Amino acid sequence: MSAIGGVGGVDRVMALRAQILERNSALQRANTAAAAPAVDSATAAAPTSFADTMQNALAKVNDGQQRATALSEQYERGETIDIAKVMLARQEASVGFEATMQVRNKILSAYKDIMSMPV
């Protein structure tokens with residue numbers, strides 16, 4: 001009895017994997033090339049408060065989640081959206097949310113530690 005898909009199936013899967021990896025690296029190069037000119041020396045040198053930094057970080061996480069939702073909805077409607085792009089956006093949103101939750105947990109832990117200190 002032969003394996004499901006046979007040798008040709010494995011070759012096709014490996015070829016698809018190579019294409020996905022190639023596209024992913026091309027997307028990363030395009031994103032870094034587009035993001036590089038956006039950095040301004042005046043905004044990079046300006047000091048910001050902790051609240052502003054947290055607000056900006058939360059806004060970025062929210063933007064990532066909204067982008068992932070929009071791509072998912074476009075894919076579900078049958079528009080020509082690459083599934084790899086949808087999955088990558090969803091994974092980025094998930095990682096961003098998880099990191100935000102970890103920061104929140106650390107801040108709450110530090111707050112509890114400070115509040116339990118004797119005066």
# chains A, B, ... in the order shown; residues from 1 in each chain; ligands from 1
$ select_by_dssp --residues "chain A" --states "alpha helix (DSSP H)" --output "PyMOL selection string"
chain A and resi 6-35+41-45+50-76+83-115
$ residues_around --residues "Gln66 in chain A" --least-positions-apart "4" --cutoff "12 Å" --atoms "only C-alpha atoms" --output "list in words"
Ala59, Lys60, Val61, Asn62, Ala70, Leu71, Ser72, Glu73, Val86, Ala89, Arg90, Glu92, Ala93, Ser94 and Phe97 of chain A
$ write_last_selection --atoms "N, CA and C atoms" --output "short mmCIF file (atom, residue, chain, number, x, y, z; two decimals), in the first residue's frame"
data_model
loop_
_atom_site.label_atom_id
_atom_site.label_comp_id
_atom_site.auth_asym_id
_atom_site.auth_seq_id
_atom_site.Cartn_x
_atom_site.Cartn_y
_atom_site.Cartn_z
N ALA A 59 -1.91 51.24 20.70
CA ALA A 59 -2.49 51.61 19.40
C ALA A 59 -1.93 50.71 18.29
N LYS A 60 -0.64 50.39 18.36
CA LYS A 60 -0.04 49.51 17.35
C LYS A 60 -0.63 48.10 17.44
N VAL A 61 -0.83 47.61 18.66
CA VAL A 61 -1.42 46.28 18.83
C VAL A 61 -2.85 46.28 18.29
N ASN A 62 -3.59 47.34 18.58
CA ASN A 62 -4.96 47.45 18.08
C ASN A 62 -4.98 47.51 16.56
N ALA A 70 -9.53 42.56 9.19
CA ALA A 70 -9.91 42.99 7.85
C ALA A 70 -9.45 41.99 6.79
N LEU A 71 -8.23 41.50 6.92
CA LEU A 71 -7.72 40.52 5.96
C LEU A 71 -8.52 39.22 6.04
N SER A 72 -8.87 38.80 7.25
CA SER A 72 -9.66 37.58 7.42
C SER A 72 -11.03 37.74 6.77
N GLU A 73 -11.65 38.90 6.98
CA GLU A 73 -12.96 39.14 6.38
C GLU A 73 -12.89 39.16 4.86
N VAL A 86 -2.90 36.33 5.27
CA VAL A 86 -3.93 36.35 6.31
C VAL A 86 -3.39 35.68 7.58
N ALA A 89 -0.74 37.84 9.30
CA ALA A 89 -1.33 38.97 10.00
C ALA A 89 -2.00 38.51 11.29
N ARG A 90 -2.69 37.39 11.24
CA ARG A 90 -3.35 36.87 12.45
C ARG A 90 -2.32 36.47 13.50
N GLU A 92 0.77 37.71 13.80
CA GLU A 92 1.37 38.94 14.33
C GLU A 92 0.45 39.59 15.36
N ALA A 93 -0.85 39.61 15.07
CA ALA A 93 -1.81 40.18 16.01
C ALA A 93 -1.84 39.37 17.31
N SER A 94 -1.77 38.07 17.18
CA SER A 94 -1.78 37.21 18.35
C SER A 94 -0.54 37.42 19.22
N PHE A 97 -0.80 40.81 20.97
CA PHE A 97 -1.74 40.76 22.09
C PHE A 97 -1.13 40.01 23.27
#
$ atom_distance --atom1 "CA of Gln55 in chain A" --atom2 "CA of Thr100 in chain A"
11.4 Å
